[in-house]
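Q: Have a peek at structure03.csv (CSV, C-alpha atoms (C1' of nucleotides)).
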```csv
chain,number,residue,atom,x,y,z
T,1,MET,CA,-21.0,71.8,-72.1
T,2,ASP,CA,-22.0,68.9,-69.9
T,3,ALA,CA,-19.7,66.7,-67.8
T,4,ILE,CA,-18.7,64.5,-70.7
T,5,ASP,CA,-17.6,67.5,-72.8
T,6,LEU,CA,-15.5,68.6,-69.8
T,7,SER,CA,-13.9,65.2,-69.6
T,8,LEU,CA,-13.1,65.4,-73.3
T,9,VAL,CA,-11.6,68.8,-73.0
T,10,GLU,CA,-9.5,67.7,-70.0
T,11,LEU,CA,-8.3,64.5,-71.8
T,12,LEU,CA,-7.3,66.5,-74.9
T,13,ARG,CA,-5.5,69.2,-72.7
T,14,GLY,CA,-3.4,66.4,-71.4
T,15,ASN,CA,-2.8,64.7,-74.7
T,16,ALA,CA,-4.0,66.2,-77.9
T,17,ARG,CA,-3.2,63.2,-80.0
T,18,LEU,CA,-5.5,60.7,-78.3
T,19,SER,CA,-7.6,58.9,-80.9
T,20,TYR,CA,-11.4,59.3,-81.0
T,21,ALA,CA,-11.6,55.6,-80.2
T,22,GLU,CA,-9.5,56.0,-77.1
T,23,LEU,CA,-11.5,59.1,-76.0
T,24,ALA,CA,-14.7,57.1,-76.5
T,25,ARG,CA,-13.4,54.4,-74.2
T,26,GLN,CA,-12.4,56.9,-71.5
T,27,VAL,CA,-15.8,58.7,-71.5
T,28,GLY,CA,-18.0,55.7,-72.2
T,29,LEU,CA,-19.5,56.7,-75.5
T,30,SER,CA,-19.1,55.4,-79.0
T,31,ALA,CA,-16.4,56.8,-81.3
T,32,PRO,CA,-18.8,58.7,-83.6
T,33,ALA,CA,-20.5,60.3,-80.7
T,34,VAL,CA,-17.2,61.6,-79.4
T,35,HIS,CA,-16.2,62.7,-82.9
T,36,GLU,CA,-19.3,64.8,-83.1
T,37,ARG,CA,-18.9,66.3,-79.6
T,38,VAL,CA,-15.2,67.2,-80.2
T,39,GLY,CA,-16.2,68.8,-83.6
T,40,LYS,CA,-18.7,71.0,-81.8
T,41,LEU,CA,-16.2,72.0,-79.1
T,42,GLU,CA,-13.9,73.0,-81.9
T,43,SER,CA,-16.4,75.0,-83.9
T,44,SER,CA,-17.9,76.7,-80.9
T,45,GLY,CA,-14.4,77.9,-80.0
T,46,VAL,CA,-14.0,76.0,-76.7
T,47,ILE,CA,-11.1,74.1,-78.3
T,48,ARG,CA,-9.0,76.7,-80.1
T,49,ALA,CA,-6.1,74.6,-81.4
T,50,TYR,CA,-4.0,71.6,-80.9
T,51,ARG,CA,-0.3,72.3,-80.4
T,52,ALA,CA,2.9,70.3,-79.9
T,53,GLU,CA,4.8,71.8,-76.9
T,54,VAL,CA,8.4,72.1,-77.8
T,55,GLU,CA,11.6,72.5,-75.8
T,56,PRO,CA,12.4,76.1,-76.8
T,57,GLU,CA,16.2,75.7,-76.6
T,58,SER,CA,16.1,72.9,-79.2
T,59,VAL,CA,14.5,75.2,-81.8
T,60,GLY,CA,17.0,78.0,-81.1
T,61,LEU,CA,14.9,80.1,-78.7
T,62,ALA,CA,17.1,80.1,-75.6
T,63,VAL,CA,16.1,83.5,-74.1
T,64,THR,CA,12.8,84.2,-72.5
T,65,ALA,CA,11.8,87.7,-71.4
T,66,LEU,CA,8.8,89.3,-69.9
T,67,ILE,CA,8.3,92.9,-70.9
T,68,GLY,CA,5.9,95.5,-69.4
T,69,ILE,CA,4.8,98.3,-71.7
T,70,VAL,CA,3.7,101.8,-70.6
T,71,GLU,CA,1.7,103.6,-73.3
T,72,ASP,CA,2.1,107.3,-73.8
T,73,SER,CA,-0.8,109.8,-73.9
T,74,THR,CA,-1.1,109.7,-77.7
T,75,ALA,CA,-1.3,106.0,-77.9
T,76,ASP,CA,-4.0,104.2,-79.9
T,77,THR,CA,-4.2,100.9,-78.2
T,78,ASP,CA,-5.4,99.1,-81.3
T,79,ASP,CA,-2.5,100.4,-83.3
T,80,VAL,CA,0.0,99.4,-80.6
T,81,LEU,CA,-1.5,95.9,-80.5
T,82,GLU,CA,-1.3,95.6,-84.2
T,83,ALA,CA,2.4,96.5,-84.1
T,84,PHE,CA,3.0,93.9,-81.4
T,85,ARG,CA,1.1,91.3,-83.4
T,86,ARG,CA,3.6,91.8,-86.3
T,87,MET,CA,6.6,91.0,-84.0
T,88,PRO,CA,6.8,87.2,-84.1
T,89,GLU,CA,9.0,87.0,-81.1
T,90,ILE,CA,6.1,88.0,-78.9
T,91,GLU,CA,4.5,84.7,-77.9
T,92,SER,CA,1.9,86.0,-75.5
T,93,CYS,CA,0.3,89.4,-75.0
T,94,TYR,CA,-1.9,90.4,-72.0
T,95,PHE,CA,-3.7,93.6,-71.7
T,96,MET,CA,-3.2,94.6,-68.0
T,97,ALA,CA,-4.7,96.7,-65.3
T,98,GLY,CA,-2.2,99.1,-63.9
T,99,VAL,CA,0.4,101.5,-65.2
T,100,GLU,CA,1.8,99.0,-67.6
T,101,SER,CA,-0.9,98.5,-70.2
T,102,PHE,CA,0.6,95.3,-71.7
T,103,LEU,CA,2.7,92.5,-70.5
T,104,LEU,CA,4.4,90.6,-73.3
T,105,LYS,CA,6.2,87.3,-73.2
T,106,ALA,CA,8.9,87.1,-75.8
T,107,ARG,CA,11.3,84.4,-76.9
T,108,VAL,CA,14.4,85.0,-78.9
T,109,GLY,CA,17.6,83.2,-79.6
T,110,THR,CA,20.2,85.5,-78.1
T,111,ILE,CA,20.5,88.5,-75.8
T,112,ALA,CA,21.5,90.5,-78.8
T,113,GLU,CA,18.2,89.7,-80.4
T,114,LEU,CA,16.4,90.7,-77.2
T,115,GLU,CA,18.1,94.0,-77.3
T,116,GLN,CA,16.9,94.6,-80.8
T,117,LEU,CA,13.4,93.7,-79.9
T,118,ILE,CA,13.4,96.1,-77.0
T,119,VAL,CA,14.7,98.9,-79.2
T,120,ARG,CA,11.9,98.1,-81.7
T,121,LEU,CA,9.3,98.2,-78.9
T,122,ASN,CA,10.6,101.5,-77.6
T,123,ARG,CA,10.4,103.0,-81.1
T,124,THR,CA,6.8,101.8,-81.6
T,125,PRO,CA,4.4,104.8,-81.8
T,126,GLY,CA,2.3,104.9,-78.6
T,127,VAL,CA,4.9,103.2,-76.4
T,128,ALA,CA,6.3,105.5,-73.7
T,129,SER,CA,8.6,103.0,-71.9
T,130,THR,CA,9.3,99.3,-71.5
T,131,ARG,CA,10.5,97.3,-68.5
T,132,THR,CA,12.1,93.9,-69.2
T,133,GLY,CA,12.7,91.0,-66.9
T,134,ILE,CA,14.7,88.0,-68.1
T,135,ALA,CA,13.7,84.5,-67.2
T,136,LEU,CA,16.7,82.5,-66.1
T,137,SER,CA,14.7,79.3,-66.4
T,138,THR,CA,11.2,78.2,-67.1
T,139,LYS,CA,10.1,75.9,-64.3
T,140,TRP,CA,6.9,75.0,-66.1
T,141,GLU,CA,4.6,76.5,-68.5
T,142,ASN,CA,0.9,76.0,-69.5
T,143,ARG,CA,0.4,73.3,-67.1
T,144,PRO,CA,-3.2,72.1,-67.5
T,145,GLN,CA,-5.2,72.4,-64.3
T,146,PRO,CA,-7.9,70.0,-63.3
T,147,ILE,CA,-11.3,71.2,-64.3
T,148,GLU,CA,-14.1,71.6,-61.7
T,149,SER,CA,-17.6,70.9,-62.7
T,150,SER,CA,-19.0,74.4,-63.2
T,151,ALA,CA,-19.3,76.0,-66.7
T,152,SER,CA,-21.8,77.2,-69.2
O,153,MET,CA,17.8,67.8,-85.8
O,154,ASP,CA,18.0,68.4,-89.5
O,155,ALA,CA,15.7,70.6,-91.7
O,156,ILE,CA,13.1,67.9,-92.0
O,157,ASP,CA,12.9,67.5,-88.2
O,158,LEU,CA,12.4,71.3,-87.9
O,159,SER,CA,9.6,71.2,-90.5
O,160,LEU,CA,7.9,68.4,-88.5
O,161,VAL,CA,8.2,70.3,-85.3
O,162,GLU,CA,6.8,73.4,-86.9
O,163,LEU,CA,3.9,71.5,-88.5
O,164,LEU,CA,3.0,69.9,-85.2
O,165,ARG,CA,3.3,73.2,-83.3
O,166,GLY,CA,0.7,74.5,-85.7
O,167,ASN,CA,-1.6,71.5,-85.5
O,168,ALA,CA,-0.7,68.6,-83.2
O,169,ARG,CA,-3.4,66.4,-84.7
O,170,LEU,CA,-2.0,66.1,-88.2
O,171,SER,CA,-1.7,62.4,-89.2
O,172,TYR,CA,1.6,60.9,-90.0
O,173,ALA,CA,0.4,60.4,-93.5
O,174,GLU,CA,-0.3,64.1,-93.8
O,175,LEU,CA,3.1,65.0,-92.3
O,176,ALA,CA,4.7,62.6,-94.7
O,177,ARG,CA,3.2,64.3,-97.6
O,178,GLN,CA,4.2,67.8,-96.4
O,179,VAL,CA,7.9,66.9,-95.9
O,180,GLY,CA,8.3,64.4,-98.8
O,181,LEU,CA,9.0,61.2,-96.9
O,182,SER,CA,7.1,58.0,-96.3
O,183,ALA,CA,4.8,57.7,-93.3
O,184,PRO,CA,6.9,55.1,-91.5
O,185,ALA,CA,10.0,57.4,-91.8
O,186,VAL,CA,8.0,60.3,-90.3
O,187,HIS,CA,6.7,58.1,-87.6
O,188,GLU,CA,10.2,57.2,-86.6
O,189,ARG,CA,11.4,60.7,-86.7
O,190,VAL,CA,8.6,62.0,-84.6
O,191,GLY,CA,9.1,59.2,-82.1
O,192,LYS,CA,12.7,60.3,-81.7
O,193,LEU,CA,11.8,63.9,-81.3
O,194,GLU,CA,9.4,62.9,-78.5
O,195,SER,CA,11.8,60.6,-76.7
O,196,SER,CA,14.7,63.1,-77.0
O,197,GLY,CA,12.6,65.7,-75.3
O,198,VAL,CA,12.3,68.1,-78.2
O,199,ILE,CA,8.6,67.5,-78.3
O,200,ARG,CA,7.3,67.6,-74.7
O,201,ALA,CA,3.6,67.1,-75.1
O,202,TYR,CA,0.6,67.6,-77.3
O,203,ARG,CA,-2.0,69.8,-75.8
O,204,ALA,CA,-5.4,71.1,-76.8
O,205,GLU,CA,-5.6,74.9,-76.3
O,206,VAL,CA,-8.8,75.8,-74.6
O,207,GLU,CA,-10.7,79.0,-74.2
O,208,PRO,CA,-10.2,79.5,-70.5
O,209,GLU,CA,-13.6,81.2,-69.8
O,210,SER,CA,-15.5,78.2,-71.0
O,211,VAL,CA,-13.8,75.9,-68.5
O,212,GLY,CA,-14.5,78.4,-65.6
O,213,LEU,CA,-11.2,80.2,-65.5
O,214,ALA,CA,-12.2,83.8,-66.1
O,215,VAL,CA,-9.4,85.5,-64.2
O,216,THR,CA,-5.8,85.6,-65.2
O,217,ALA,CA,-3.1,87.2,-63.0
O,218,LEU,CA,0.6,87.6,-63.2
O,219,ILE,CA,2.3,87.6,-59.8
O,220,GLY,CA,5.8,88.5,-59.0
O,221,ILE,CA,7.4,86.9,-55.9
O,222,VAL,CA,10.1,88.3,-53.7
O,223,GLU,CA,11.9,85.7,-51.6
O,224,ASP,CA,13.0,86.4,-48.0
O,225,SER,CA,16.5,85.8,-46.7
O,226,THR,CA,15.6,82.5,-45.2
O,227,ALA,CA,14.1,81.1,-48.4
O,228,ASP,CA,15.1,77.7,-49.8
O,229,THR,CA,14.3,78.2,-53.5
O,230,ASP,CA,13.6,74.5,-54.0
O,231,ASP,CA,11.1,74.4,-51.2
O,232,VAL,CA,9.4,77.5,-52.5
O,233,LEU,CA,9.2,76.0,-55.9
O,234,GLU,CA,7.7,72.8,-54.5
O,235,ALA,CA,5.1,74.8,-52.7
O,236,PHE,CA,4.2,76.6,-55.9
O,237,ARG,CA,4.0,73.3,-57.8
O,238,ARG,CA,1.3,72.1,-55.4
O,239,MET,CA,-0.9,75.0,-56.3
O,240,PRO,CA,-2.7,74.0,-59.5
O,241,GLU,CA,-3.9,77.5,-60.2
O,242,ILE,CA,-0.3,78.4,-61.2
O,243,GLU,CA,-0.1,77.6,-64.9
O,244,SER,CA,3.4,78.9,-65.5
O,245,CYS,CA,6.4,79.6,-63.3
O,246,TYR,CA,9.5,81.4,-64.4
O,247,PHE,CA,12.6,81.9,-62.3
O,248,MET,CA,13.7,85.5,-62.9
O,249,ALA,CA,16.6,87.7,-62.8
O,250,GLY,CA,15.9,90.7,-60.5
O,251,VAL,CA,14.4,91.5,-57.2
O,252,GLU,CA,11.4,89.2,-57.8
O,253,SER,CA,12.8,85.7,-58.0
O,254,PHE,CA,9.7,84.2,-59.6
O,255,LEU,CA,7.0,85.3,-62.0
O,256,LEU,CA,3.9,83.2,-61.9
O,257,LYS,CA,0.9,83.1,-64.3
O,258,ALA,CA,-2.2,82.0,-62.5
O,259,ARG,CA,-5.7,81.3,-63.7
O,260,VAL,CA,-8.7,81.2,-61.3
O,261,GLY,CA,-12.4,81.4,-61.6
O,262,THR,CA,-13.2,84.5,-59.6
O,263,ILE,CA,-11.5,87.4,-58.0
O,264,ALA,CA,-12.3,85.9,-54.6
O,265,GLU,CA,-10.3,82.8,-55.6
O,266,LEU,CA,-7.4,85.0,-56.7
O,267,GLU,CA,-7.5,86.7,-53.3
O,268,GLN,CA,-7.3,83.3,-51.6
O,269,LEU,CA,-4.4,82.3,-53.8
O,270,ILE,CA,-2.5,85.5,-53.0
O,271,VAL,CA,-3.0,84.9,-49.3
O,272,ARG,CA,-1.7,81.4,-49.6
O,273,LEU,CA,1.3,82.7,-51.5
O,274,ASN,CA,2.1,85.3,-48.9
O,275,ARG,CA,1.9,82.6,-46.2
O,276,THR,CA,4.3,80.3,-48.0
O,277,PRO,CA,7.6,80.0,-46.1
O,278,GLY,CA,10.3,81.8,-47.9
O,279,VAL,CA,8.0,84.3,-49.6
O,280,ALA,CA,8.6,87.9,-48.5
O,281,SER,CA,6.1,89.7,-50.7
O,282,THR,CA,4.0,89.4,-53.8
O,283,ARG,CA,3.0,91.8,-56.5
O,284,THR,CA,-0.1,91.0,-58.5
O,285,GLY,CA,-1.2,92.3,-61.9
O,286,ILE,CA,-4.5,91.4,-63.3
O,287,ALA,CA,-4.9,90.6,-67.0
O,288,LEU,CA,-8.0,92.3,-68.3
O,289,SER,CA,-7.8,90.3,-71.5
O,290,THR,CA,-5.5,87.9,-73.2
O,291,LYS,CA,-4.8,89.2,-76.7
O,292,TRP,CA,-3.0,86.0,-77.6
O,293,GLU,CA,-1.0,83.3,-75.9
O,294,ASN,CA,1.6,80.7,-77.0
O,295,ARG,CA,1.6,81.8,-80.5
O,296,PRO,CA,4.1,79.6,-82.3
O,297,GLN,CA,6.8,81.5,-84.1
O,298,PRO,CA,8.3,80.5,-87.4
O,299,ILE,CA,11.5,78.5,-86.8
O,300,GLU,CA,14.8,79.7,-88.4
O,301,SER,CA,17.2,77.0,-89.6
O,302,SER,CA,19.8,77.0,-86.7
O,303,ALA,CA,19.7,74.4,-84.0
O,304,SER,CA,21.7,71.4,-82.6
L,305,DC,C1',-52.4,60.4,-72.9
L,306,DA,C1',-50.7,59.9,-77.6
L,307,DC,C1',-48.2,62.1,-81.3
L,308,DT,C1',-44.4,64.2,-83.2
L,309,DC,C1',-40.2,66.6,-83.4
L,310,DT,C1',-35.6,67.0,-82.1
L,311,DC,C1',-31.5,65.8,-80.2
L,312,DC,C1',-28.2,62.6,-79.3
L,313,DG,C1',-26.9,58.4,-79.4
L,314,DT,C1',-25.7,53.4,-81.4
L,315,DG,C1',-24.2,49.9,-84.9
L,316,DG,C1',-22.5,48.5,-89.3
L,317,DA,C1',-19.7,49.3,-93.4
L,318,DT,C1',-15.8,51.1,-95.8
L,319,DG,C1',-11.6,53.3,-97.0
L,320,DC,C1',-7.6,55.4,-95.0
L,321,DG,C1',-3.9,55.7,-91.7
L,322,DA,C1',-0.7,53.5,-88.2
L,323,DT,C1',2.5,50.4,-87.7
L,324,DC,C1',5.4,46.2,-88.3
L,325,DG,C1',8.8,43.5,-90.8
L,326,DA,C1',11.6,42.7,-94.8
L,327,DC,C1',14.6,44.6,-97.7
L,328,DC,C1',17.6,48.5,-100.0
L,329,DT,C1',21.2,52.1,-100.3
L,330,DG,C1',24.9,55.3,-99.4
L,331,DA,C1',28.6,56.9,-95.9
L,332,DG,C1',32.2,55.9,-93.1
L,333,DC,C1',35.7,52.7,-91.9
L,334,DC,C1',39.0,48.8,-91.7
I,335,DG,C1',36.6,45.8,-101.7
I,336,DG,C1',33.6,44.3,-98.0
I,337,DC,C1',31.3,45.4,-93.1
I,338,DT,C1',28.3,47.9,-90.6
I,339,DC,C1',25.0,51.1,-89.4
I,340,DA,C1',21.6,54.8,-90.0
I,341,DG,C1',17.8,55.8,-92.1
I,342,DG,C1',15.0,55.1,-96.0
I,343,DT,C1',11.1,52.5,-99.0
I,344,DC,C1',7.6,49.1,-99.9
I,345,DG,C1',3.9,45.9,-98.9
I,346,DA,C1',0.7,43.8,-95.7
I,347,DT,C1',-2.3,43.8,-91.8
I,348,DC,C1',-5.2,45.7,-88.5
I,349,DG,C1',-7.4,49.4,-86.1
I,350,DC,C1',-9.5,53.9,-86.5
I,351,DA,C1',-12.1,57.7,-88.7
I,352,DT,C1',-16.0,58.7,-90.7
I,353,DC,C1',-20.4,58.2,-93.1
I,354,DC,C1',-25.1,56.7,-92.9
I,355,DA,C1',-29.4,54.6,-91.5
I,356,DC,C1',-31.8,53.7,-87.6
I,357,DG,C1',-33.7,54.1,-82.6
I,358,DG,C1',-34.9,55.9,-78.0
I,359,DA,C1',-35.8,59.7,-74.5
I,360,DG,C1',-37.8,64.0,-73.4
I,361,DA,C1',-40.4,68.5,-74.4
I,362,DG,C1',-44.2,70.7,-76.3
I,363,DT,C1',-48.9,70.3,-77.9
I,364,DG,C1',-53.7,68.8,-79.3
```
As C-alpha cells, what does this structure read like?

A:
Amino acid sequence: MDAIDLSLVELLRGNARLSYAELARQVGLSAPAVHERVGKLESSGVIRAYRAEVEPESVGLAVTALIGIVEDSTADTDDVLEAFRRMPEIESCYFMAGVESFLLKARVGTIAELEQLIVRLNRTPGVASTRTGIALSTKWENRPQPIESSAS
Amino acid sequence: MDAIDLSLVELLRGNARLSYAELARQVGLSAPAVHERVGKLESSGVIRAYRAEVEPESVGLAVTALIGIVEDSTADTDDVLEAFRRMPEIESCYFMAGVESFLLKARVGTIAELEQLIVRLNRTPGVASTRTGIALSTKWENRPQPIESSAS
DNA sequence: CACTCTCCGTGGATGCGATCGACCTGAGCC
DNA sequence: GGCTCAGGTCGATCGCATCCACGGAGAGTG
C-alpha cells in the first residue's frame, strides 16, 4: 500500500467503472502496471467488491429502518448472527458496544413488511428485545471520504 | 423499468465492473441494447454511482461510530444538515422519526479523532445533544438484497 | 565493488469489448 | 393501410484489456 495504491483505491471508490487505461493516466503508470496493482488490491482484500449504488425506491425498497438488538442471557452470539444473515432485508449489521449488542440497517418495501421483520427478529432465539427507528429520508449514504496518506 | 432493467440493476449491484458484453449475455440482448438501457438507468437516477467497496482498516479508518443527534428548539434543520455535510467523517446521514432527528454513521482513524468529531458535533448550532455508539466490528455492510419484480 | 536476485515497471502485439450508424420490426394511432 | 416512434439487431471501427518478453533499480552477499 503505497501512495499510488491509495490513489487507485480512491479513484475506484469514486467511480468503480473507470477503465485501467484511464486509471493509468490518472496515476501516471502504464495500463498493465495498474492492472496488476488493482488485481493485488482485490486479492489482498483491500478492495472487497464493486457495486452499483441504486436508488432504493426504484427497486421497491421504500422503507429504511435502524434496529437495535438486545440479547438475552442465553444468547449465542454466533447463532444470532447466523439468523440475521439469513434475513435478506438486513443490509448492514454492526456488533456494538453497549446494551444493544447489534445495530441493523434494514430496507423493506412497506411498513407491513417492516412489522413482519420486527416480529421475526423478536422471535429469534437469543434476542431479548428490539428497538426500531424509522428513517424518514436518507440524506446520503456511503459517501467516500478523502484518504489521508497513512496506512499499512 | 421492466424485468430486464431489474436484472441489469441486480447484476450491477453484485458486480459493477461487468462488461456490457457480459451483461448482454446474461440478459439475452445485444451489447448496444444493454448499453442504452444502462445509460438510461444512470441518467434517470436509478443507478446513482459505481463504487469500489474497500476494507476500511486498510485505508486508515479503524473506528466506526453511530451517532444520534437531538436538535434544539432553535435548530434550522437545513443548516444543521449543511454543517454535517461539511464533515467528511460522516459517511451516512439519515433523517429519523423520533427524538433524535438524525442518525449518523461516521468513520475515523482513532478514538481521539472520534472524540474531536463528537465535540464538533455538540458545538454545531442547532444540536442539543449527541449519543454515540461504537461499532466493535462490522459484520457486513450494504449487502445487496435480491430484487422482487415490483417497481415503477 | 561487482554479481545476482527480485520486484516492479515498460512496450508491443493481439483479440475482445465499447460504441456508432444504418437498418428492421411491431405497437399505437390517424 | 400508412406514419411514427421506441427499442431492437447487425456490422464496422477504434480503443482497451491482457499477455509476454524485456529492462532497470535496490538489497543482500562474496

Q: Using all atoms listed in the file, which protein or nucleic acid residues come within 9 Å of region 114-119 of chain T? Drop anything in the same chain fewer than 2 positions from it, and give the result as an MDAnalysis selection string.

A: chainID T and resid 63:65 67 87 89 106:112 121:124 130 132

Q: Work out how far apart C1' of DC350 (chain I) and C1' of DC320 (chain L) are and give it in Å to one decimal.

A: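 Calculated distance between C1' of DC350 (chain I) and C1' of DC320 (chain L) is 8.8 Å.
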
Q: Quick one: everything within 12 Å of region 295-299 of chain O, counting all atoms listed in the file, minus sequence neighbours fewer than 5 positions away in the same chain. Send it as number ranges by chain.

A: T: 48-54, 56-61, 85-93, 104-109; O: 155-167, 205, 290

Q: May I ask which of the residues L:DC334, L:DC327, L:DG316, L:DA322 is the closest one to chain O, counting all atoms listed in the file?

A: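 Of L:DC334, L:DC327, L:DG316, L:DA322, the one nearest chain O is L:DA322, counting all atoms listed in the file.
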
Q: Can you measure CA of Ala83 (chain T) to CA of Val99 (chain T) for me? One decimal in Å is fine.

A: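 Calculated distance between CA of Ala83 (chain T) and CA of Val99 (chain T) is 19.7 Å.
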
Q: One decimal, in Å: what's the spacing between CA of Ala128 (chain T) and CA of Gly220 (chain O)?

A: 22.5 Å

Q: Which residue, O:Asp154, O:Glu188, O:Asp228, O:Glu174, has the smallest gap to chain I when you use all atoms listed in the file?

A: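 Ranking O:Asp154, O:Glu188, O:Asp228, O:Glu174 by distance to chain I, first place goes to O:Glu188.
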
Q: Please superimpose chain O upon chain T, fitting all C-alpha atoms matched one to one in order, and report the result as a short mmCIF file (atom, residue, chain, number, x, y, z; two decimals) with C-alpha atoms, keeping the file's coordinate frame.

A:
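Contents of out30.cif, freshly written:
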```
data_model
loop_
_atom_site.label_atom_id
_atom_site.label_comp_id
_atom_site.auth_asym_id
_atom_site.auth_seq_id
_atom_site.Cartn_x
_atom_site.Cartn_y
_atom_site.Cartn_z
CA MET O 153 -21.01 71.79 -72.11
CA ASP O 154 -21.99 68.88 -69.95
CA ALA O 155 -19.70 66.63 -67.79
CA ILE O 156 -18.74 64.48 -70.72
CA ASP O 157 -17.65 67.53 -72.76
CA LEU O 158 -15.49 68.65 -69.78
CA SER O 159 -13.89 65.18 -69.56
CA LEU O 160 -13.08 65.36 -73.30
CA VAL O 161 -11.59 68.77 -72.97
CA GLU O 162 -9.51 67.67 -70.03
CA LEU O 163 -8.32 64.51 -71.81
CA LEU O 164 -7.29 66.49 -74.86
CA ARG O 165 -5.57 69.18 -72.77
CA GLY O 166 -3.48 66.37 -71.37
CA ASN O 167 -2.76 64.70 -74.69
CA ALA O 168 -4.12 66.23 -77.90
CA ARG O 169 -3.20 63.15 -79.92
CA LEU O 170 -5.54 60.68 -78.26
CA SER O 171 -7.69 58.90 -80.91
CA TYR O 172 -11.38 59.22 -80.89
CA ALA O 173 -11.58 55.56 -80.16
CA GLU O 174 -9.47 56.06 -77.07
CA LEU O 175 -11.55 59.07 -75.96
CA ALA O 176 -14.65 57.02 -76.52
CA ARG O 177 -13.46 54.38 -74.25
CA GLN O 178 -12.45 56.83 -71.49
CA VAL O 179 -15.86 58.60 -71.40
CA GLY O 180 -18.12 55.59 -72.17
CA LEU O 181 -19.56 56.61 -75.53
CA SER O 182 -19.15 55.39 -79.07
CA ALA O 183 -16.45 56.87 -81.28
CA PRO O 184 -18.86 58.58 -83.67
CA ALA O 185 -20.59 60.32 -80.68
CA VAL O 186 -17.19 61.56 -79.43
CA HIS O 187 -16.26 62.69 -82.84
CA GLU O 188 -19.35 64.80 -83.03
CA ARG O 189 -18.89 66.23 -79.65
CA VAL O 190 -15.33 67.18 -80.25
CA GLY O 191 -16.25 68.74 -83.58
CA LYS O 192 -18.73 70.95 -81.77
CA LEU O 193 -16.29 71.93 -79.12
CA GLU O 194 -13.86 73.00 -81.88
CA SER O 195 -16.39 74.93 -83.92
CA SER O 196 -17.87 76.64 -80.82
CA GLY O 197 -14.46 77.92 -79.93
CA VAL O 198 -14.00 75.99 -76.72
CA ILE O 199 -11.13 74.13 -78.26
CA ARG O 200 -8.94 76.68 -80.10
CA ALA O 201 -6.11 74.59 -81.43
CA TYR O 202 -3.97 71.56 -80.92
CA ARG O 203 -0.36 72.34 -80.44
CA ALA O 204 2.82 70.38 -79.88
CA GLU O 205 4.78 71.80 -76.90
CA VAL O 206 8.39 72.13 -77.79
CA GLU O 207 11.52 72.56 -75.77
CA PRO O 208 12.37 76.08 -76.79
CA GLU O 209 16.22 75.69 -76.63
CA SER O 210 16.19 72.99 -79.22
CA VAL O 211 14.46 75.21 -81.77
CA GLY O 212 16.98 78.10 -81.09
CA LEU O 213 14.97 80.12 -78.64
CA ALA O 214 17.21 80.20 -75.59
CA VAL O 215 16.11 83.52 -74.14
CA THR O 216 12.79 84.25 -72.59
CA ALA O 217 11.81 87.76 -71.38
CA LEU O 218 8.77 89.30 -69.89
CA ILE O 219 8.30 92.95 -70.86
CA GLY O 220 5.93 95.40 -69.42
CA ILE O 221 4.76 98.29 -71.66
CA VAL O 222 3.70 101.74 -70.63
CA GLU O 223 1.64 103.58 -73.23
CA ASP O 224 2.04 107.33 -73.87
CA SER O 225 -0.84 109.79 -73.93
CA THR O 226 -1.07 109.74 -77.65
CA ALA O 227 -1.32 105.96 -77.91
CA ASP O 228 -4.05 104.23 -79.92
CA THR O 229 -4.21 100.86 -78.13
CA ASP O 230 -5.36 99.08 -81.29
CA ASP O 231 -2.47 100.36 -83.30
CA VAL O 232 -0.04 99.39 -80.58
CA LEU O 233 -1.50 95.97 -80.46
CA GLU O 234 -1.21 95.61 -84.23
CA ALA O 235 2.40 96.59 -84.05
CA PHE O 236 3.03 93.98 -81.39
CA ARG O 237 1.22 91.33 -83.45
CA ARG O 238 3.69 91.87 -86.29
CA MET O 239 6.57 90.97 -84.06
CA PRO O 240 6.75 87.17 -84.06
CA GLU O 241 9.09 87.05 -81.11
CA ILE O 242 6.12 88.01 -78.87
CA GLU O 243 4.54 84.70 -77.91
CA SER O 244 1.94 86.07 -75.52
CA CYS O 245 0.32 89.45 -75.01
CA TYR O 246 -1.87 90.37 -72.10
CA PHE O 247 -3.69 93.65 -71.68
CA MET O 248 -3.24 94.63 -68.02
CA ALA O 249 -4.73 96.60 -65.34
CA GLY O 250 -2.17 99.11 -63.97
CA VAL O 251 0.41 101.52 -65.14
CA GLU O 252 1.80 99.05 -67.72
CA SER O 253 -0.97 98.49 -70.22
CA PHE O 254 0.56 95.35 -71.71
CA LEU O 255 2.65 92.44 -70.52
CA LEU O 256 4.42 90.59 -73.25
CA LYS O 257 6.24 87.21 -73.17
CA ALA O 258 8.93 87.10 -75.79
CA ARG O 259 11.27 84.36 -76.88
CA VAL O 260 14.48 85.08 -78.87
CA GLY O 261 17.64 83.28 -79.64
CA THR O 262 20.24 85.53 -78.08
CA ILE O 263 20.51 88.45 -75.79
CA ALA O 264 21.52 90.59 -78.77
CA GLU O 265 18.18 89.72 -80.41
CA LEU O 266 16.34 90.66 -77.22
CA GLU O 267 18.14 94.01 -77.26
CA GLN O 268 16.99 94.58 -80.84
CA LEU O 269 13.44 93.67 -79.91
CA ILE O 270 13.44 96.09 -76.97
CA VAL O 271 14.67 98.87 -79.22
CA ARG O 272 11.96 98.18 -81.71
CA LEU O 273 9.41 98.22 -78.91
CA ASN O 274 10.61 101.53 -77.57
CA ARG O 275 10.38 102.99 -81.10
CA THR O 276 6.82 101.83 -81.60
CA PRO O 277 4.42 104.80 -81.72
CA GLY O 278 2.38 104.94 -78.62
CA VAL O 279 4.94 103.20 -76.42
CA ALA O 280 6.30 105.42 -73.64
CA SER O 281 8.58 102.97 -71.88
CA THR O 282 9.35 99.33 -71.41
CA ARG O 283 10.47 97.26 -68.48
CA THR O 284 12.19 93.98 -69.20
CA GLY O 285 12.72 90.97 -66.95
CA ILE O 286 14.74 88.09 -68.07
CA ALA O 287 13.67 84.52 -67.28
CA LEU O 288 16.68 82.55 -66.16
CA SER O 289 14.72 79.33 -66.43
CA THR O 290 11.23 78.19 -67.09
CA LYS O 291 10.19 75.87 -64.27
CA TRP O 292 7.00 74.97 -66.10
CA GLU O 293 4.61 76.52 -68.56
CA ASN O 294 0.95 75.97 -69.56
CA ARG O 295 0.42 73.29 -67.11
CA PRO O 296 -3.19 72.20 -67.49
CA GLN O 297 -5.19 72.37 -64.31
CA PRO O 298 -7.85 69.91 -63.31
CA ILE O 299 -11.28 71.24 -64.36
CA GLU O 300 -14.04 71.64 -61.69
CA SER O 301 -17.60 70.89 -62.79
CA SER O 302 -18.99 74.50 -63.28
CA ALA O 303 -19.25 76.02 -66.70
CA SER O 304 -21.86 77.23 -69.29
#
```
